[in-house]
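Engineer: Encoded as structure tokens, here's the structure I'll be asking about.
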Amino acid sequence: MQSFTAVLGDAVALILSGDASLMGIIALSLRVTVTAVLIACVIGLPLGAAVGAFRFPGRTLATVLLNSLMGLPPVVVGLVVYLALSASGPLGPLGLLYTPTAMVIAQTILVTPIVAALTRQVIEDLDREYAEQFRSLDVGPLARITALLWDARYSLLTVALAGFGRAIAEVGAVLIVGGNINHVTRVMTTTIALETSKGNLELALALGVVLLVIAILVNAAVMGLRASAARAAYA
Amino acid sequence: MLRRRFLTLAAAGLLAAGVSAPVQAQDTFIIVQSTTSTQNSGLFEFMLPKFQEKTGIEVRVVAVGTGQAIKNAANGDGDVLFVHARPAEEKFVADGYGVKRFDVMYNDFVVVGPPADPAGIAGSSDITDALKKIAEAKAPFASRGDDSGTHKAELALWEAAGVDVAAASGGWYRETGSGMGATLNTGTGMGAYVLTDRATWISFGNKGAYRIAVEGDERMFNQYGISLVNKEKLPNVKADLGQQFVDWVISEEGQQVIADYKIDGQQLFFPNARPSGS
Amino acid sequence: MREALARNEAEGPQRPDAAPVPALLEGQGLLLEIGGKRLIDGIDIRIDEGRRTMVMGANGAGKSLLLRLLHGLIAPTAGGIAWRGGPLDRTARRAQAMVFQRPVMLRRSVIANLAFALKVRGLRGAMRQARINEALEKARLTDLARSPARVLSGGEQQRLALARALACDPELLFLDEPTASLDPASTQAIETLIADASRRGVTVVMVTHDLGQARRLADDIVFLHAGRVAESGPAARVLSSPRSEAASAWLEGRLFLDEPRAQS
């Protein structure tokens, strides 16, 4: 086992090498995860905002459900999506198993509850501040939701980031529905798992460092944006 | 201004999503359900490009445990099954999921162990005797425990040795429930003996001070077989493309490619296909 | 309907049964209980068009709650509220506006805060822009139009909140201690805006603790004590010779405590 600094060196060398197959793996990881997070936001933001801003029967239940679904085990999600997309499953005819689309579906299912549950909290807090003013202005339900989402946009970036972090680091679901097929569905995490199983621990660790660096870059970019927003009192 | 920056960010995200529209999958690919040990050996990366060059068919390998590979194939989620658990494969064909099974190649299992050799079995070529000694010494032994081909072979050997490992489970007999590589990582980490296929062992990168303790017993031969999944039972199967792959693997050319695959000068697999099948 | 009614210092608000026209806003038998506590304990109140009514009283007397009841932000446990003799429905509430003690600013620019309120009112395009410009000018916020509303000073924020409320062209304006945390200059700016609006015919109902402010702005005073109206009448009379113990104690700066509030 090499020292950790040597592993870091390996990681830097890996990135700098611009190795085509590594770049392909990184690109696929980002493609799958970014797509899944965007879809999760399209579903989860309005859903979470509705639960956060409206009073309706079963609201507490909905909140409990959303919060619980945040802890969905990726392997279970992978299995469910596998069974649905399998040639013998209900969605088999679509032929999506072992494709990036299948991985996007699995990650979307994982991330949507996270986005929805955290959005609910953010929107509920903001609504507490806005509620009387909105009621006074007689703001309709749709305008209220969109105004809350827009005004919470910088907090919601953090919400999307939480989803991104969960998805980019997840291996259990994408392994099952993607199959870790070289050049087709192999992503950072499944490569790390594969290299670990080959006993190439240094390479696996170096890939892990690469993954971490990507996560840091994405987070830093978004946080930088949020910080400037905070200075302008928008956040 | 901030609003503009926010929208730019959102647009960039959407763009990334747009770019990610699934690459149009050409229909000239097949899915092969295979095992982690085969994948970990690196054989596919050596072999498949040669097949693709010749036929234009892309082979996508899903590497899981033999048990799961057979189950996936029986669900219709693969066109070809390429594993090493002969009785299970024959049942797969007999149940109508496979068309016909062909021998492809063999390698052999070895038992690797720590340099201290607590069971005193280093250099042995009698696997049942060695396993008995491990059980008597209660020396730690790491098993796949995942219903894979290797796991099944290992259980058969314990039975032949007359050792009831189920009773020792959780004691000196430790089931990792994971792939070959993961089990080797675990086993070398806890100073346990591990039964592994030679190919995985040769290409394994985390050997540490471990050595082969037991090898050369003919009961440790590990036979690989290939079967085309039956289109009559599972209509999604790409029978034509899959058949081309099966034919190539057992052809003289395919067999030569397998024989040519070496790591550090060591041949990992020994082709033994008979075109008549089994 | 927007011209101010003639001010009548000598008479208090007319009794409901004597009114030839219904009051602009009238609450009868208002009762509010929260968590078993009776916070508003049987209030009758009548707001006539064009008048400036100050709601006064000690902390916890129920002033802010009364405003929220009258504006329809919370529903009374019992009692009824009538707008021009009819129900306090959406149309009625859209004819009202409210400014809170702590201004609620959207996380947007000054101009976007105004635009949002006007958009809710259905104003579009050039009409909306004209209304925004007018509001900015009146509140002397034109130079700050593009600034984020939440970086404004407390006085500027309250001016914006008031401008936003007035831009919606309300017939009745509620103000809940709008100058409680402002310096004298900001207070004066707010009072000027309120007086201007009143001159244009906007009816004003305002909670205040500031005696000077009440003297400057009030036509009528409603003095609350422990969830009830202790005294009401023309400002000049109530402030100079209060008839209730609660009001005179408050005016003299004494702490007046009477029997504990009724429990439900």
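We name chains A, B, ... following the order of the structure tokens; residues begin at 1 in each chain, and ligands are numbered from 1 as shown.
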Based on only C-alpha atoms, which of the residues in chain C come within 12 Å of chain B? I want them as a list of chain:residue names.
Structural biologist: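 Going by the stated atoms only, the list reads C:Arg107, C:Arg108, C:Ser109, C:Ala112, C:Arg146, C:Ser147, C:Pro148.
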Engineer: Do you know which residues are at most 8 Å from segment 177-182 of chain A counting only C-alpha atoms, after dropping those on the same chain fewer than 4 positions away, and could you put them as an MDAnalysis selection string?
Structural biologist: (chainID A and resid 78:79 81:82 97:100 102:103 106 173 186:187 190:191) or (chainID B and resid 60:63)
Engineer: Env of Thr35 of chain A: 7 Å cut, atoms = only C-alpha atoms, seq-sep filter 3 positions within chain, self excluded. Answer as a list in words.
Structural biologist: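 Listing them by chain and then by number gives Arg31, Val32, Leu38, Ile39 and Val104 of chain A; Ala17 of chain B.
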Engineer: Would you save the residues of that selection, restricted to C-alpha atoms, as a PDB file, in the first residue's frame?
Structural biologist:
ATOM      1  CA  ARG A  31     -24.193  13.525 -17.355  1.00  0.00           C
ATOM      2  CA  VAL A  32     -26.182  10.915 -15.472  1.00  0.00           C
ATOM      3  CA  LEU A  38     -32.469  18.333 -12.835  1.00  0.00           C
ATOM      4  CA  ILE A  39     -35.397  15.951 -13.251  1.00  0.00           C
ATOM      5  CA  VAL A 104     -30.824   8.384 -14.571  1.00  0.00           C
TER       6      VAL A 104
ATOM      7  CA  ALA B  17     -29.015  17.669 -19.525  1.00  0.00           C
TER       8      ALA B  17
END
Engineer: Taking only C-alpha atoms into account, which residues of chain A are within 12 Å of chain C, as a PyMOL selection string?
Structural biologist: chain A and resi 126-144+146-155+229-235
Engineer: With N, CA and C atoms kept, could you save the residues just selected as an mmCIF file, in the first residue's frame?
Structural biologist:
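This went into selection-v3.cif:
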data_model
loop_
_atom_site.group_PDB
_atom_site.id
_atom_site.type_symbol
_atom_site.label_atom_id
_atom_site.label_comp_id
_atom_site.auth_asym_id
_atom_site.auth_seq_id
_atom_site.Cartn_x
_atom_site.Cartn_y
_atom_site.Cartn_z
ATOM 1 N N LEU A 126 -39.637 30.060 4.819
ATOM 2 C CA LEU A 126 -39.826 31.325 4.118
ATOM 3 C C LEU A 126 -41.302 31.737 4.157
ATOM 4 N N ASP A 127 -42.165 30.748 4.033
ATOM 5 C CA ASP A 127 -43.596 31.051 4.034
ATOM 6 C C ASP A 127 -44.037 31.658 5.369
ATOM 7 N N ARG A 128 -43.391 31.187 6.444
ATOM 8 C CA ARG A 128 -43.730 31.734 7.763
ATOM 9 C C ARG A 128 -43.485 33.245 7.762
ATOM 10 N N GLU A 129 -42.429 33.661 7.051
ATOM 11 C CA GLU A 129 -42.098 35.089 6.980
ATOM 12 C C GLU A 129 -43.065 35.831 6.047
ATOM 13 N N TYR A 130 -43.432 35.194 4.931
ATOM 14 C CA TYR A 130 -44.199 35.882 3.897
ATOM 15 C C TYR A 130 -45.714 35.766 4.078
ATOM 16 N N ALA A 131 -46.152 34.780 4.866
ATOM 17 C CA ALA A 131 -47.561 34.367 4.822
ATOM 18 C C ALA A 131 -48.532 35.540 5.000
ATOM 19 N N GLU A 132 -48.324 36.365 6.039
ATOM 20 C CA GLU A 132 -49.282 37.443 6.311
ATOM 21 C C GLU A 132 -49.305 38.462 5.181
ATOM 22 N N GLN A 133 -48.101 38.790 4.694
ATOM 23 C CA GLN A 133 -48.029 39.767 3.618
ATOM 24 C C GLN A 133 -48.754 39.240 2.375
ATOM 25 N N PHE A 134 -48.523 37.948 2.076
ATOM 26 C CA PHE A 134 -49.162 37.369 0.890
ATOM 27 C C PHE A 134 -50.675 37.322 1.059
ATOM 28 N N ARG A 135 -51.096 36.999 2.276
ATOM 29 C CA ARG A 135 -52.531 36.934 2.517
ATOM 30 C C ARG A 135 -53.137 38.332 2.392
ATOM 31 N N SER A 136 -52.388 39.299 2.897
ATOM 32 C CA SER A 136 -52.854 40.675 2.806
ATOM 33 C C SER A 136 -52.977 41.118 1.353
ATOM 34 N N LEU A 137 -52.006 40.707 0.536
ATOM 35 C CA LEU A 137 -52.048 41.092 -0.881
ATOM 36 C C LEU A 137 -53.021 40.225 -1.675
ATOM 37 N N ASP A 138 -53.529 39.154 -1.034
ATOM 38 C CA ASP A 138 -54.432 38.218 -1.695
ATOM 39 C C ASP A 138 -53.747 37.533 -2.875
ATOM 40 N N VAL A 139 -52.556 36.983 -2.577
ATOM 41 C CA VAL A 139 -51.790 36.265 -3.603
ATOM 42 C C VAL A 139 -52.398 34.874 -3.774
ATOM 43 N N GLY A 140 -52.645 34.487 -5.022
ATOM 44 C CA GLY A 140 -53.223 33.165 -5.303
ATOM 45 C C GLY A 140 -52.221 32.042 -5.071
ATOM 46 N N PRO A 141 -52.718 30.802 -4.991
ATOM 47 C CA PRO A 141 -51.848 29.671 -4.660
ATOM 48 C C PRO A 141 -50.677 29.493 -5.623
ATOM 49 N N LEU A 142 -50.924 29.601 -6.910
ATOM 50 C CA LEU A 142 -49.862 29.382 -7.880
ATOM 51 C C LEU A 142 -48.804 30.474 -7.788
ATOM 52 N N ALA A 143 -49.268 31.730 -7.714
ATOM 53 C CA ALA A 143 -48.337 32.856 -7.602
ATOM 54 C C ALA A 143 -47.546 32.744 -6.301
ATOM 55 N N ARG A 144 -48.189 32.217 -5.270
ATOM 56 C CA ARG A 144 -47.532 32.104 -3.980
ATOM 57 C C ARG A 144 -46.384 31.084 -4.055
ATOM 58 N N THR A 146 -44.797 29.986 -6.759
ATOM 59 C CA THR A 146 -43.698 30.404 -7.625
ATOM 60 C C THR A 146 -42.887 31.513 -6.970
ATOM 61 N N ALA A 147 -43.574 32.420 -6.239
ATOM 62 C CA ALA A 147 -42.844 33.491 -5.564
ATOM 63 C C ALA A 147 -41.942 32.917 -4.471
ATOM 64 N N LEU A 148 -42.456 31.947 -3.715
ATOM 65 C CA LEU A 148 -41.654 31.336 -2.649
ATOM 66 C C LEU A 148 -40.446 30.615 -3.243
ATOM 67 N N LEU A 149 -40.677 29.854 -4.318
ATOM 68 C CA LEU A 149 -39.570 29.121 -4.942
ATOM 69 C C LEU A 149 -38.524 30.086 -5.481
ATOM 70 N N TRP A 150 -38.993 31.158 -6.102
ATOM 71 C CA TRP A 150 -38.042 32.099 -6.695
ATOM 72 C C TRP A 150 -37.237 32.797 -5.597
ATOM 73 N N ASP A 151 -37.932 33.236 -4.536
ATOM 74 C CA ASP A 151 -37.227 33.965 -3.482
ATOM 75 C C ASP A 151 -36.300 33.059 -2.680
ATOM 76 N N ALA A 152 -36.584 31.747 -2.696
ATOM 77 C CA ALA A 152 -35.735 30.814 -1.953
ATOM 78 C C ALA A 152 -34.673 30.211 -2.860
ATOM 79 N N ARG A 153 -34.518 30.777 -4.068
ATOM 80 C CA ARG A 153 -33.712 30.080 -5.075
ATOM 81 C C ARG A 153 -32.301 29.774 -4.610
ATOM 82 N N TYR A 154 -31.705 30.679 -3.842
ATOM 83 C CA TYR A 154 -30.313 30.416 -3.443
ATOM 84 C C TYR A 154 -30.236 29.338 -2.373
ATOM 85 N N SER A 155 -31.208 29.284 -1.495
ATOM 86 C CA SER A 155 -31.258 28.178 -0.535
ATOM 87 C C SER A 155 -31.528 26.873 -1.263
ATOM 88 N N ALA A 229 -24.846 36.180 -3.512
ATOM 89 C CA ALA A 229 -26.269 36.476 -3.338
ATOM 90 C C ALA A 229 -26.551 36.908 -1.902
ATOM 91 N N ALA A 230 -25.877 36.256 -0.949
ATOM 92 C CA ALA A 230 -26.090 36.585 0.454
ATOM 93 C C ALA A 230 -25.654 38.018 0.731
ATOM 94 N N ARG A 231 -24.541 38.419 0.086
ATOM 95 C CA ARG A 231 -24.078 39.790 0.275
ATOM 96 C C ARG A 231 -25.121 40.774 -0.210
ATOM 97 N N ALA A 232 -25.865 40.387 -1.225
ATOM 98 C CA ALA A 232 -26.912 41.268 -1.748
ATOM 99 C C ALA A 232 -28.244 41.020 -1.054
ATOM 100 N N ALA A 233 -28.208 40.248 0.025
ATOM 101 C CA ALA A 233 -29.405 40.032 0.853
ATOM 102 C C ALA A 233 -30.524 39.328 0.117
ATOM 103 N N TYR A 234 -30.158 38.552 -0.900
ATOM 104 C CA TYR A 234 -31.184 37.785 -1.589
ATOM 105 C C TYR A 234 -31.353 36.424 -0.960
ATOM 106 N N ALA A 235 -30.334 35.971 -0.223
ATOM 107 C CA ALA A 235 -30.420 34.604 0.303
ATOM 108 C C ALA A 235 -30.872 34.625 1.753
#
Engineer: Distance limit 6 Å, atoms considered: only C-alpha atoms. Which chain B residues sit that close to chain A? Return them as an MDAnalysis selection string.
Structural biologist: chainID B and resid 17 20 40 60:62 75:77 181:182 204:206
Engineer: Grab the residues selected above and save them as a short mmCIF file (atom, residue, chain, number, x, y, z; two decimals), in the first residue's frame with N, CA and C atoms.
Structural biologist:
data_model
loop_
_atom_site.label_atom_id
_atom_site.label_comp_id
_atom_site.auth_asym_id
_atom_site.auth_seq_id
_atom_site.Cartn_x
_atom_site.Cartn_y
_atom_site.Cartn_z
N ALA B 17 -28.00 18.71 -19.41
CA ALA B 17 -29.02 17.67 -19.52
C ALA B 17 -29.31 17.38 -20.99
N SER B 20 -26.94 15.33 -22.56
CA SER B 20 -26.96 13.97 -22.05
C SER B 20 -28.05 13.12 -22.68
N ASN B 40 -12.72 -9.52 -13.71
CA ASN B 40 -11.54 -9.07 -12.98
C ASN B 40 -10.23 -9.59 -13.59
N ARG B 60 -21.42 -5.99 -24.63
CA ARG B 60 -21.51 -5.29 -23.34
C ARG B 60 -21.60 -6.34 -22.24
N VAL B 61 -20.62 -6.31 -21.36
CA VAL B 61 -20.54 -7.34 -20.33
C VAL B 61 -21.11 -6.82 -19.01
N VAL B 62 -22.05 -7.55 -18.46
CA VAL B 62 -22.53 -7.28 -17.12
C VAL B 62 -21.93 -8.35 -16.21
N ASN B 75 -34.28 -13.78 -16.90
CA ASN B 75 -35.24 -12.69 -17.02
C ASN B 75 -35.24 -12.10 -18.42
N GLY B 76 -34.31 -12.56 -19.25
CA GLY B 76 -34.21 -12.01 -20.60
C GLY B 76 -33.33 -10.79 -20.69
N ASP B 77 -32.56 -10.52 -19.62
CA ASP B 77 -31.72 -9.32 -19.62
C ASP B 77 -30.31 -9.61 -20.10
N GLY B 181 -12.80 -10.41 -5.90
CA GLY B 181 -11.81 -9.42 -5.52
C GLY B 181 -12.05 -8.90 -4.11
N ALA B 182 -13.31 -8.61 -3.83
CA ALA B 182 -13.65 -8.09 -2.49
C ALA B 182 -13.32 -9.13 -1.43
N PHE B 204 -4.71 -9.98 -9.54
CA PHE B 204 -5.08 -9.23 -8.34
C PHE B 204 -3.93 -8.32 -7.91
N GLY B 205 -4.25 -7.10 -7.60
CA GLY B 205 -3.21 -6.11 -7.35
C GLY B 205 -2.85 -5.90 -5.90
N ASN B 206 -3.52 -6.61 -4.98
CA ASN B 206 -3.33 -6.31 -3.56
C ASN B 206 -2.91 -7.59 -2.81
#
Engineer: I need the residues in segment 116-187 of chain B that are strand (DSSP E or B) according to DSSP; give them as a PyMOL selection string.
Structural biologist: chain B and resi 124+141-143+169+173-175
Engineer: For a test of reading the model, state the distance in Å between atom CA of Met188 of chain A and atom CA of Val80 of chain B, rounded to one decimal.
Structural biologist: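 Spanning atom CA of Met188 of chain A to atom CA of Val80 of chain B is a straight-line distance of 26.5 Å.
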Engineer: Near Leu136 of chain C, counting only C-alpha atoms, which residues have an atom at most 9 Å away, once you skip same-chain residues fewer than 3 positions from it, shown as a PyMOL selection string?
Structural biologist: chain C and resi 110-111+114+131-133+139-145+160+163
Engineer: Would you work out the distance separating atom CA of Val112 of chain B from atom CA of Val214 of chain B, expressed in Å to one decimal?
Structural biologist: 6.9 Å
Engineer: Find the residues around Gln33 of chain B up to 8 Å (only C-alpha atoms counted), leave out those fewer than 3 positions away in its own chain, and share them as a list in words.
Structural biologist: Val61, Val62, Ala63, Val64, Ala69, Ile70, Asn72, Ala73, Gly78, Asp79, Val80, Leu81, Phe82 and Val83 of chain B
Engineer: Near segment 37-50 of chain C, counting only C-alpha atoms, which residues have an atom at most 6 Å away, once you skip same-chain residues fewer than 2 positions from it, shown as a PDB file with C-alpha atoms, in the first residue's frame?
Structural biologist:
ATOM      1  CA  ALA C   4     -62.764  62.655   2.071  1.00  0.00           C
ATOM      2  CA  LEU C   5     -65.824  62.958   4.170  1.00  0.00           C
ATOM      3  CA  ALA C  23     -70.013  51.835   7.664  1.00  0.00           C
ATOM      4  CA  LEU C  24     -67.001  51.164   5.477  1.00  0.00           C
ATOM      5  CA  LEU C  25     -65.970  48.417   7.860  1.00  0.00           C
ATOM      6  CA  GLU C  26     -67.812  47.182  10.880  1.00  0.00           C
ATOM      7  CA  GLY C  27     -67.007  44.455  13.379  1.00  0.00           C
ATOM      8  CA  GLN C  28     -69.657  43.198  15.774  1.00  0.00           C
ATOM      9  CA  GLY C  29     -69.283  40.967  18.778  1.00  0.00           C
ATOM     10  CA  LEU C  30     -65.755  40.024  17.784  1.00  0.00           C
ATOM     11  CA  LEU C  31     -64.326  37.229  19.867  1.00  0.00           C
ATOM     12  CA  LEU C  32     -60.988  35.491  19.434  1.00  0.00           C
ATOM     13  CA  GLU C  33     -59.773  32.556  21.441  1.00  0.00           C
ATOM     14  CA  ILE C  34     -56.412  30.912  20.914  1.00  0.00           C
ATOM     15  CA  GLY C  35     -55.348  27.949  22.995  1.00  0.00           C
ATOM     16  CA  GLY C 201     -59.585  59.733   0.624  1.00  0.00           C
ATOM     17  CA  VAL C 202     -57.933  56.578   1.932  1.00  0.00           C
ATOM     18  CA  THR C 203     -59.435  55.473   5.240  1.00  0.00           C
ATOM     19  CA  GLY C 227     -59.215  42.475  24.658  1.00  0.00           C
ATOM     20  CA  ARG C 228     -62.070  44.946  25.082  1.00  0.00           C
ATOM     21  CA  GLN C 263     -61.001  32.473  30.483  1.00  0.00           C
TER      22      GLN C 263
END
Engineer: Quick one: pick out all alpha helix (DSSP H) residues within segment 143-229 of chain A from a backbone DSSP run and write them as a PDB file with C-alpha atoms, in the first residue's frame.
Structural biologist:
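The new file selection_1.pdb reads:
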ATOM      1  CA  ALA A 143     -48.337  32.856  -7.602  1.00  0.00           C
ATOM      2  CA  ARG A 144     -47.532  32.104  -3.980  1.00  0.00           C
ATOM      3  CA  ILE A 145     -45.662  28.874  -4.774  1.00  0.00           C
ATOM      4  CA  THR A 146     -43.698  30.404  -7.625  1.00  0.00           C
ATOM      5  CA  ALA A 147     -42.844  33.491  -5.564  1.00  0.00           C
ATOM      6  CA  LEU A 148     -41.654  31.336  -2.649  1.00  0.00           C
ATOM      7  CA  LEU A 149     -39.570  29.121  -4.942  1.00  0.00           C
ATOM      8  CA  TRP A 150     -38.042  32.099  -6.695  1.00  0.00           C
ATOM      9  CA  ASP A 151     -37.227  33.965  -3.482  1.00  0.00           C
ATOM     10  CA  ARG A 153     -33.712  30.080  -5.075  1.00  0.00           C
ATOM     11  CA  TYR A 154     -30.313  30.416  -3.443  1.00  0.00           C
ATOM     12  CA  SER A 155     -31.258  28.178  -0.535  1.00  0.00           C
ATOM     13  CA  LEU A 156     -32.696  25.746  -3.035  1.00  0.00           C
ATOM     14  CA  LEU A 157     -29.340  25.610  -4.807  1.00  0.00           C
ATOM     15  CA  THR A 158     -28.007  24.022  -1.639  1.00  0.00           C
ATOM     16  CA  VAL A 159     -30.892  21.585  -1.793  1.00  0.00           C
ATOM     17  CA  ALA A 160     -29.965  20.627  -5.352  1.00  0.00           C
ATOM     18  CA  LEU A 161     -26.370  20.231  -4.189  1.00  0.00           C
ATOM     19  CA  ALA A 162     -27.410  17.803  -1.490  1.00  0.00           C
ATOM     20  CA  GLY A 163     -29.135  15.758  -4.182  1.00  0.00           C
ATOM     21  CA  PHE A 164     -26.100  16.000  -6.414  1.00  0.00           C
ATOM     22  CA  GLY A 165     -23.844  14.772  -3.623  1.00  0.00           C
ATOM     23  CA  ARG A 166     -26.063  11.801  -2.931  1.00  0.00           C
ATOM     24  CA  ALA A 167     -26.318  10.845  -6.601  1.00  0.00           C
ATOM     25  CA  ILE A 168     -22.702  11.314  -7.688  1.00  0.00           C
ATOM     26  CA  GLY A 172     -25.523   0.476  -5.397  1.00  0.00           C
ATOM     27  CA  ALA A 173     -28.315   1.522  -7.738  1.00  0.00           C
ATOM     28  CA  VAL A 174     -26.304   2.388 -10.855  1.00  0.00           C
ATOM     29  CA  LEU A 175     -24.356  -0.854 -10.572  1.00  0.00           C
ATOM     30  CA  ILE A 176     -27.515  -2.946 -10.716  1.00  0.00           C
ATOM     31  CA  VAL A 177     -29.414  -1.055 -13.413  1.00  0.00           C
ATOM     32  CA  GLY A 178     -26.390   0.089 -15.417  1.00  0.00           C
ATOM     33  CA  MET A 188     -16.811   6.888 -11.330  1.00  0.00           C
ATOM     34  CA  THR A 189     -18.299   4.925  -8.466  1.00  0.00           C
ATOM     35  CA  THR A 190     -18.700   1.639 -10.314  1.00  0.00           C
ATOM     36  CA  THR A 191     -15.136   1.977 -11.579  1.00  0.00           C
ATOM     37  CA  ILE A 192     -13.950   2.505  -8.024  1.00  0.00           C
ATOM     38  CA  ALA A 193     -15.848  -0.603  -6.944  1.00  0.00           C
ATOM     39  CA  LEU A 194     -14.392  -2.589  -9.849  1.00  0.00           C
ATOM     40  CA  GLU A 195     -10.807  -1.478  -9.246  1.00  0.00           C
ATOM     41  CA  THR A 196     -11.198  -2.257  -5.551  1.00  0.00           C
ATOM     42  CA  SER A 197     -12.391  -5.762  -6.402  1.00  0.00           C
ATOM     43  CA  LEU A 201      -6.530  -0.116  -4.243  1.00  0.00           C
ATOM     44  CA  GLU A 202      -4.267   2.799  -5.168  1.00  0.00           C
ATOM     45  CA  LEU A 203      -6.055   3.327  -8.468  1.00  0.00           C
ATOM     46  CA  ALA A 204      -9.417   3.010  -6.745  1.00  0.00           C
ATOM     47  CA  LEU A 205      -8.406   5.552  -4.141  1.00  0.00           C
ATOM     48  CA  ALA A 206      -7.002   7.905  -6.763  1.00  0.00           C
ATOM     49  CA  LEU A 207     -10.318   7.696  -8.596  1.00  0.00           C
ATOM     50  CA  GLY A 208     -12.021   8.449  -5.300  1.00  0.00           C
ATOM     51  CA  VAL A 209      -9.895  11.563  -4.953  1.00  0.00           C
ATOM     52  CA  VAL A 210     -10.861  12.581  -8.494  1.00  0.00           C
ATOM     53  CA  LEU A 211     -14.521  12.141  -7.564  1.00  0.00           C
ATOM     54  CA  LEU A 212     -14.007  14.243  -4.470  1.00  0.00           C
ATOM     55  CA  VAL A 213     -12.286  16.987  -6.458  1.00  0.00           C
ATOM     56  CA  ILE A 214     -15.215  17.113  -8.895  1.00  0.00           C
ATOM     57  CA  ALA A 215     -17.673  17.310  -6.007  1.00  0.00           C
ATOM     58  CA  ILE A 216     -15.635  20.107  -4.421  1.00  0.00           C
ATOM     59  CA  LEU A 217     -15.508  22.065  -7.686  1.00  0.00           C
ATOM     60  CA  VAL A 218     -19.255  21.810  -8.207  1.00  0.00           C
ATOM     61  CA  ASN A 219     -19.971  22.773  -4.604  1.00  0.00           C
ATOM     62  CA  ALA A 220     -17.521  25.656  -4.657  1.00  0.00           C
ATOM     63  CA  ALA A 221     -19.024  27.069  -7.830  1.00  0.00           C
ATOM     64  CA  VAL A 222     -22.546  26.972  -6.449  1.00  0.00           C
ATOM     65  CA  MET A 223     -21.525  28.229  -3.019  1.00  0.00           C
ATOM     66  CA  GLY A 224     -19.619  31.095  -4.585  1.00  0.00           C
ATOM     67  CA  LEU A 225     -22.777  32.146  -6.356  1.00  0.00           C
ATOM     68  CA  ARG A 226     -24.757  31.804  -3.170  1.00  0.00           C
ATOM     69  CA  ALA A 227     -22.282  33.847  -1.139  1.00  0.00           C
ATOM     70  CA  SER A 228     -22.499  36.771  -3.547  1.00  0.00           C
ATOM     71  CA  ALA A 229     -26.269  36.476  -3.338  1.00  0.00           C
TER      72      ALA A 229
END
Engineer: Please provide the set of residues having any atom within 10 Å of segment 178-189 of chain C, restricted to only C-alpha atoms, with same-chain residues fewer than 2 positions apart removed, written as a ChimeraX atom specification.
Structural biologist: /C:98-103,139-140,153-156,158-159,161-162,174-176,191-195,206-210,213
